[in-house]
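Participant: Please see the structure below; I have some questions.
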Amino acid sequence: MRLLIVEDDPDLQSVLVRSARKEGYSVDAASDGEEGLYKAESTDYDAIVLDMMLPVLDGWEVLSRLRKTKPTPVLILTARDRSADRVRGLDIGADDYLVKPFDTPELFARLRAIIRRGARQARVVLELGEVCIDTAARNVTRAGKPVTLTAREYVVLEYLALHRGKVTSRTTLYEHLFDEEESTLSNILDVHIYNLRKKLGQEFIITRRGHGYCIE
Amino acid sequence: MRYFQSIRWRLQIWHGLLLVTVLAGFGAAIYRVERDRQFHQLDEELQHRLQVLAASRRPVPGAHPPRQGFRLMPEHAALFDQSGGSGYFYVVWLHSSPGPIYSSTAPRDVPMPESSKAAGMRERGTIREAFLIPAPDDCLLVGHYFEKDLAGLHHLAWWLGVAGGGVVLLGLIGGALLVHRALKPVRDISDAAQKIATGDLTQRIPGSASGSELGQLVHVLNSTFARLDAAFTQQAHFTADAAHELRTPVSVMLAEAQYGIASPCENSDHHEVFAASERAANRMRRLIDSLLKLARLDAGQEPPERHPCDLAGITAECIEGIRPLAEARSIFIHTEASSVICACDADQIAQVITNLLSNAIHYNVDSGEVHVSLKHGNGVVRLEVYNTGPGISADDLPHIFDRFYRADKARSGSSGRTGLGLAIAKAIVQAHGGTIEVKSEPGQGATFSIMLPS
């Protein structure tokens with residue numbers, strides 16, 4: 001999953017980015033509204049964490065402009081906690097609202113929820129044949145037995161599972177799994193897919209030649 | 001207001017006394033003048049008739065030796081001959097006649113005046129007499145009954161009294177109205193000050209009074225109220241701003257701490273550092289929320305949204321929420337609640353109840369008890385929370401609802417307590433028009449009671 005964090009306070013941005021990476025997300029960051037809007041419009045993120053008080057362009061502006069072109073799930077992070085502000089934020093197009101200071105586990109739980117909704121997956125635990133993926137606990141079992149996956153492998157699996165039934169192109173997978181800072185080896189994806197097949201079954205992930213991968 | 005301290009009544013009384021005094025004096029003067037005038041006129045009439053009598057005493061023609069006789073000319077008879085008791089009469093004593101000569105209306109028992117003076121006046125009861133003594137043993141006397149005159153004067157006096165009374169009454173009524181209108185600005189000021197005292201700092205005294213002498217006072221008061229209002233608003237803003245400013249640094253701290261805790265740590269010291277930071281940051285987070293809540297309640301920016309709520313249901317929910325804490329210390333919660341519908345803000349009241357329950361558990365002994373009761377009657381709902389435990393000392397009791405007051409000074413915010421819970425509870429209860437109180441004795445636990453209008 002790829003995340004965009006738009007926050008102007010450098011310390012807070014830093015800890016958010018690091019925490020998100022630890023959770024297994026690929027993370028891009030922006031320090032003002034203009035940069036944030038540009039990145040959000042150029043890339044399909046799985047979710048955006050948006051601070052409301054931003055220089056150049058404030059959070060309200062970024063959100064309302066973004067909503068003209070993209071349905072990306074957005075969680076607003078802000079110091080304003082009045083009901084009127086919450087209502088306004090949600091009505092402009094935010095998917096969720098969290099007040100600073102926030103509880104980090106809660107932030108990520110809410111992000112998972114809006115990502116699930118964005119992918120139109122209602123359930124937290126995804127059952128795909130023998131394989132069971134608990135997206136909240138981030139663990140995978142096969143026929144009841146736990147399966148160990150690396151962080152990257154889990155992320156690939158989760159993305160395909162959330163978009164099951166649809167073919168995901170390699171390009172999309174690259175976009176959602178790697179952020180700007182990483183230099184990617186073009187076949188790293190193949191390695192992950194190979195390992196996943198090894199652990200979960202060869203037929204688990206289907207290759208559609210020329211189009212991409214898919215989980216049925 | 002006691003009558004003798006009221007400006008209004010004092011003005012009325014003095015006004016009334018003044019009116020009565022002036023009118024009484026005036027009336028008395030009129031009466032006196034009229035009386036004097038009447039008697040003066042009476043005396044003139046008497047003297048006139050006396051002259052006539054004197055002229056009617058002449059020597060009798062052809063009498064030897066010469067002697068004085070009395071003969072009234074016919075044209076003068078009319079002066080003495082009025083029937084009824086208000087006429088004039090004469091009595092004449094002559095040396096030459098054996099007894100007095102009476103006019104037709106004269107009483108027959110008139111004593112002869114003493115001859116020490118040649119002329120004089122006297123009064124006998126309601127008869128006024130003027131007499132003349134031209135020679136020894138001769139006396140001329142004219143008299144007049146003045147009962148009717150007196151009756152006339154009394155009549156005048158009575159009418160003066162009635163008219164005076166009427167004027168006094170009118171004067172008092174008019175005076176009352178004037179006083180009422182004059183004191184209206186004072187009442188306006190008093191009303192506005194009353195409203196301000198009960199917390200509505202936006203009140204100002206209406207300008208209708210500002211043209212008069214009280215104008216200066218009104219102006220000063222209004223500007224004082226404006227300054228008070230600004231000061232309170234500023235203070236509320238300050239608290240809100242302070243809390244607001246803390247948000248981002250606390251967010252950083254909390255997030256860093258949680259990040260550190262989440263990572264696999266080599267040694268437990270590192271973990272404790274982060275754990276402590278997380279606790280501190282969480283404490284600050286709760287403090288910020290409480291401070292902001294209080295600031296808003298103070299400024300009246302969060303008036304309770306009152307809907308009819310089932311208080312018994314809300315209480316039960318709060319008890320369920322607190323049950324894990326109670327069970328951790330084996331504390332048993334008794335409930336005795338009748339179903340009560342009360343117009344209140346469910347969220348805010350739930351906060352109050354949860355706070356009281358949380359205190360009841362925290363300041364309790366293991367395996368202790370908490371009793372919750374909910375009653376209503378006479379338009380008042382009463383919720384009581386009693387807990388066993390060490391209770392509250394008499395020194396602490398009056399301060400228990402103060403902000404940041406903690407009875408146990410050693411505990412300073414650990415275990416998640418901000419010291420603001422009861423202050424917030426009190427503010428919420430008061431915003432609902434209710435009261436909150438506490439009874440406790442050391443060693444006997446404590447009982448918190450909330451009264452709300454239903």
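Residues are referred to by chain and number: the chain letter is A, B, ... according to the order shown in the structure tokens, the number counts from 1 in that chain, and ligands are numbered separately from 1 in the order shown.
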Could you give me, as a tab-separated table, every chain B residue with an atom at most 7 Å from chain A, plus its closest atom pair and distance in Å to one decimal, counting only C-alpha atoms, rows ordered by chain then number?

Facilitator:
```
residue	atom	partner	partner_atom	distance
B:His244	CA	A:Ala79	CA	6.9
B:Arg247	CA	A:Pro101	CA	5.5
B:Thr248	CA	A:Lys100	CA	6.6
B:Val250	CA	A:Pro101	CA	6.0
B:Ser251	CA	A:Pro101	CA	4.2
B:Val252	CA	A:Leu12	CA	5.1
B:Ala255	CA	A:Thr104	CA	5.8
B:Glu256	CA	A:Val15	CA	5.9
B:Gln258	CA	A:Thr104	CA	6.6
B:Tyr259	CA	A:Ser19	CA	5.8
B:Arg285	CA	A:Pro101	CA	6.2
```

Participant: Go ahead and write the residues just picked, all heavy atoms, as a short mmCIF file (atom, residue, chain, number, x, y, z; two decimals), in the first residue's frame.

Facilitator:
```
data_model
loop_
_atom_site.label_atom_id
_atom_site.label_comp_id
_atom_site.auth_asym_id
_atom_site.auth_seq_id
_atom_site.Cartn_x
_atom_site.Cartn_y
_atom_site.Cartn_z
N HIS B 244 -4.39 24.43 22.57
CA HIS B 244 -4.21 24.23 21.14
C HIS B 244 -2.74 24.13 20.77
O HIS B 244 -2.32 23.29 19.99
CB HIS B 244 -4.84 25.43 20.43
CG HIS B 244 -5.15 25.16 19.01
ND1 HIS B 244 -6.27 24.49 18.61
CD2 HIS B 244 -4.48 25.48 17.89
CE1 HIS B 244 -6.28 24.42 17.30
NE2 HIS B 244 -5.21 25.00 16.83
N ARG B 247 -0.93 20.87 21.09
CA ARG B 247 -1.34 19.71 20.31
C ARG B 247 -0.22 19.10 19.47
O ARG B 247 0.02 17.89 19.54
CB ARG B 247 -2.49 20.06 19.39
CG ARG B 247 -3.82 20.17 20.11
CD ARG B 247 -4.94 20.16 19.11
NE ARG B 247 -6.22 20.42 19.72
CZ ARG B 247 -6.94 19.52 20.35
NH1 ARG B 247 -6.49 18.29 20.47
NH2 ARG B 247 -8.10 19.83 20.87
N THR B 248 0.45 19.92 18.68
CA THR B 248 1.44 19.33 17.77
C THR B 248 2.65 18.75 18.50
O THR B 248 3.02 17.61 18.22
CB THR B 248 1.86 20.36 16.70
OG1 THR B 248 0.71 20.72 15.95
CG2 THR B 248 2.91 19.78 15.78
N VAL B 250 2.83 17.55 21.39
CA VAL B 250 2.39 16.33 22.06
C VAL B 250 2.19 15.22 21.04
O VAL B 250 2.53 14.06 21.30
CB VAL B 250 1.09 16.58 22.84
CG1 VAL B 250 0.51 15.28 23.35
CG2 VAL B 250 1.35 17.51 24.00
N SER B 251 1.67 15.57 19.88
CA SER B 251 1.49 14.56 18.84
C SER B 251 2.83 13.94 18.48
O SER B 251 2.94 12.72 18.34
CB SER B 251 0.90 15.15 17.57
OG SER B 251 -0.22 15.92 17.86
N VAL B 252 3.82 14.79 18.32
CA VAL B 252 5.15 14.29 17.96
C VAL B 252 5.64 13.32 19.03
O VAL B 252 6.08 12.21 18.74
CB VAL B 252 6.15 15.46 17.83
CG1 VAL B 252 7.57 14.93 17.66
CG2 VAL B 252 5.77 16.35 16.67
N ALA B 255 3.61 10.06 19.11
CA ALA B 255 3.87 9.22 17.95
C ALA B 255 5.27 8.61 18.01
O ALA B 255 5.45 7.42 17.71
CB ALA B 255 3.68 10.02 16.66
N GLU B 256 6.24 9.42 18.42
CA GLU B 256 7.61 8.89 18.55
C GLU B 256 7.66 7.78 19.58
O GLU B 256 8.27 6.73 19.37
CB GLU B 256 8.57 10.01 18.97
CG GLU B 256 8.90 11.00 17.89
CD GLU B 256 9.90 10.46 16.87
OE1 GLU B 256 10.25 9.26 16.93
OE2 GLU B 256 10.31 11.23 15.99
N GLN B 258 5.25 5.86 20.58
CA GLN B 258 4.57 4.65 20.13
C GLN B 258 5.39 3.95 19.04
O GLN B 258 5.41 2.72 18.96
CB GLN B 258 3.16 5.00 19.64
CG GLN B 258 2.28 5.36 20.81
CD GLN B 258 0.88 5.80 20.42
OE1 GLN B 258 0.68 6.40 19.37
NE2 GLN B 258 -0.09 5.49 21.27
N TYR B 259 6.08 4.74 18.24
CA TYR B 259 6.97 4.16 17.22
C TYR B 259 8.08 3.37 17.90
O TYR B 259 8.40 2.24 17.53
CB TYR B 259 7.56 5.29 16.39
CG TYR B 259 8.60 4.86 15.39
CD1 TYR B 259 8.23 4.32 14.17
CD2 TYR B 259 9.96 5.00 15.68
CE1 TYR B 259 9.18 3.93 13.25
CE2 TYR B 259 10.92 4.62 14.77
CZ TYR B 259 10.53 4.09 13.55
OH TYR B 259 11.47 3.70 12.64
N ARG B 285 -2.40 14.73 26.51
CA ARG B 285 -3.54 14.68 25.59
C ARG B 285 -4.85 14.78 26.35
O ARG B 285 -5.74 15.55 25.99
CB ARG B 285 -3.48 13.38 24.80
CG ARG B 285 -4.63 13.17 23.85
CD ARG B 285 -4.30 12.06 22.88
NE ARG B 285 -4.22 10.78 23.55
CZ ARG B 285 -5.20 9.88 23.57
NH1 ARG B 285 -6.33 10.14 22.99
NH2 ARG B 285 -5.02 8.75 24.19
#
```

Participant: Would you list, as a CSV table (one decimal) with C-alpha atoms, in the first residue's frame, the residues of segment 178-213 of chain A that end up in strand (DSSP E or B) under DSSP run on this structure's backbone?

Facilitator:
```csv
chain,number,residue,atom,x,y,z
A,206,ILE,CA,-2.7,-16.0,-11.5
A,207,THR,CA,-0.6,-14.4,-14.2
A,208,ARG,CA,-2.4,-12.9,-17.1
A,212,GLY,CA,-0.8,-8.4,-14.8
A,213,TYR,CA,-1.5,-10.5,-11.8
```

Participant: In terms of the shortest atom-to-atom distance over only C-alpha atoms, which of A:Gly165, A:Gly33, A:Gly201, A:Pro71 is closest to Ala143 of chain A?

Facilitator: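 Distance minimum relative to Ala143 of chain A lands on A:Gly201.
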
Participant: Just give me the gap between atom CA of Cys139 of chain B and atom CA of Pro74 of chain B in Å, one decimal is fine.

Facilitator: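 Atom CA of Pro74 of chain B lies 21.1 Å from atom CA of Cys139 of chain B.
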
Participant: For Cys214 of chain A, list every protein, DNA or RNA residue within 9 Å, evaluated using only C-alpha atoms, and leave out those in the same chain fewer than 3 positions away; present the list as a PyMOL selection string.

Facilitator: chain A and resi 160-161+163-169+204-208

Participant: Please provide the set of residues having any atom within 6 Å of segment 105-122 of chain B, restricted to only C-alpha atoms, with same-chain residues fewer than 4 positions apart removed, written as an mmCIF file with all heavy atoms, in the first residue's frame.

Facilitator:
```cif
data_model
loop_
_atom_site.group_PDB
_atom_site.id
_atom_site.type_symbol
_atom_site.label_atom_id
_atom_site.label_comp_id
_atom_site.auth_asym_id
_atom_site.auth_seq_id
_atom_site.Cartn_x
_atom_site.Cartn_y
_atom_site.Cartn_z
ATOM 1 N N PHE B 89 -80.817 91.815 69.353
ATOM 2 C CA PHE B 89 -81.788 92.268 70.368
ATOM 3 C C PHE B 89 -81.154 93.380 71.174
ATOM 4 O O PHE B 89 -79.954 93.607 71.126
ATOM 5 C CB PHE B 89 -82.227 91.099 71.270
ATOM 6 C CG PHE B 89 -81.092 90.503 72.057
ATOM 7 C CD1 PHE B 89 -80.706 91.041 73.292
ATOM 8 C CD2 PHE B 89 -80.403 89.390 71.541
ATOM 9 C CE1 PHE B 89 -79.665 90.479 74.011
ATOM 10 C CE2 PHE B 89 -79.370 88.838 72.274
ATOM 11 C CZ PHE B 89 -78.984 89.371 73.512
ATOM 12 N N ARG B 128 -73.096 87.388 71.636
ATOM 13 C CA ARG B 128 -72.093 88.447 71.759
ATOM 14 C C ARG B 128 -72.831 89.763 72.013
ATOM 15 O O ARG B 128 -73.803 90.074 71.326
ATOM 16 C CB ARG B 128 -71.296 88.532 70.473
ATOM 17 C CG ARG B 128 -70.060 89.388 70.598
ATOM 18 C CD ARG B 128 -69.125 89.091 69.437
ATOM 19 N NE ARG B 128 -68.010 90.023 69.431
ATOM 20 C CZ ARG B 128 -66.881 89.847 70.128
ATOM 21 N NH1 ARG B 128 -66.725 88.801 70.896
ATOM 22 N NH2 ARG B 128 -65.925 90.775 70.080
ATOM 23 N N GLU B 129 -72.341 90.523 72.994
ATOM 24 C CA GLU B 129 -73.062 91.761 73.375
ATOM 25 C C GLU B 129 -72.129 92.941 73.398
ATOM 26 O O GLU B 129 -70.968 92.830 73.773
ATOM 27 C CB GLU B 129 -73.699 91.572 74.765
ATOM 28 C CG GLU B 129 -74.787 90.496 74.745
ATOM 29 C CD GLU B 129 -75.111 90.009 76.155
ATOM 30 O OE1 GLU B 129 -74.340 90.291 77.100
ATOM 31 O OE2 GLU B 129 -76.137 89.339 76.293
ATOM 32 N N ALA B 130 -72.660 94.081 72.986
ATOM 33 C CA ALA B 130 -71.931 95.359 73.135
ATOM 34 C C ALA B 130 -72.785 96.276 74.004
ATOM 35 O O ALA B 130 -74.000 96.319 73.839
ATOM 36 C CB ALA B 130 -71.697 95.981 71.770
ATOM 37 N N PHE B 131 -72.151 96.940 74.903
ATOM 38 C CA PHE B 131 -72.948 97.792 75.789
ATOM 39 C C PHE B 131 -72.322 99.162 75.938
ATOM 40 O O PHE B 131 -71.162 99.400 75.658
ATOM 41 C CB PHE B 131 -73.163 97.130 77.167
ATOM 42 C CG PHE B 131 -71.878 96.867 77.897
ATOM 43 C CD1 PHE B 131 -71.289 97.856 78.710
ATOM 44 C CD2 PHE B 131 -71.242 95.607 77.772
ATOM 45 C CE1 PHE B 131 -70.106 97.598 79.379
ATOM 46 C CE2 PHE B 131 -70.068 95.375 78.466
ATOM 47 C CZ PHE B 131 -69.496 96.350 79.268
ATOM 48 N N LEU B 132 -73.213 100.075 76.417
ATOM 49 C CA LEU B 132 -72.808 101.470 76.614
ATOM 50 C C LEU B 132 -73.433 101.926 77.922
ATOM 51 O O LEU B 132 -74.605 101.651 78.186
ATOM 52 C CB LEU B 132 -73.371 102.294 75.437
ATOM 53 C CG LEU B 132 -72.814 103.685 75.201
ATOM 54 C CD1 LEU B 132 -71.331 103.614 74.909
ATOM 55 C CD2 LEU B 132 -73.559 104.326 74.028
ATOM 56 N N ILE B 133 -72.670 102.604 78.750
ATOM 57 C CA ILE B 133 -73.219 103.121 80.024
ATOM 58 C C ILE B 133 -73.088 104.637 79.983
ATOM 59 O O ILE B 133 -72.053 105.186 80.329
ATOM 60 C CB ILE B 133 -72.460 102.535 81.228
ATOM 61 C CG1 ILE B 133 -72.571 101.000 81.171
ATOM 62 C CG2 ILE B 133 -73.031 103.099 82.527
ATOM 63 C CD1 ILE B 133 -71.891 100.285 82.297
#
```

Participant: As a ChimeraX atom specification, please: the residues near Asn195 of chain A (cut-off 10 Å, only C-alpha atoms, same-chain neighbours under 5 positions excluded).

Facilitator: /A:149-150,153,189-190,200-202

Participant: Tell me, in Å to one decimal, how far atom CA of Ile114 of chain A is from atom CA of Leu57 of chain A.

Facilitator: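 According to the coordinates, atom CA of Ile114 of chain A and atom CA of Leu57 of chain A are separated by 24.1 Å.
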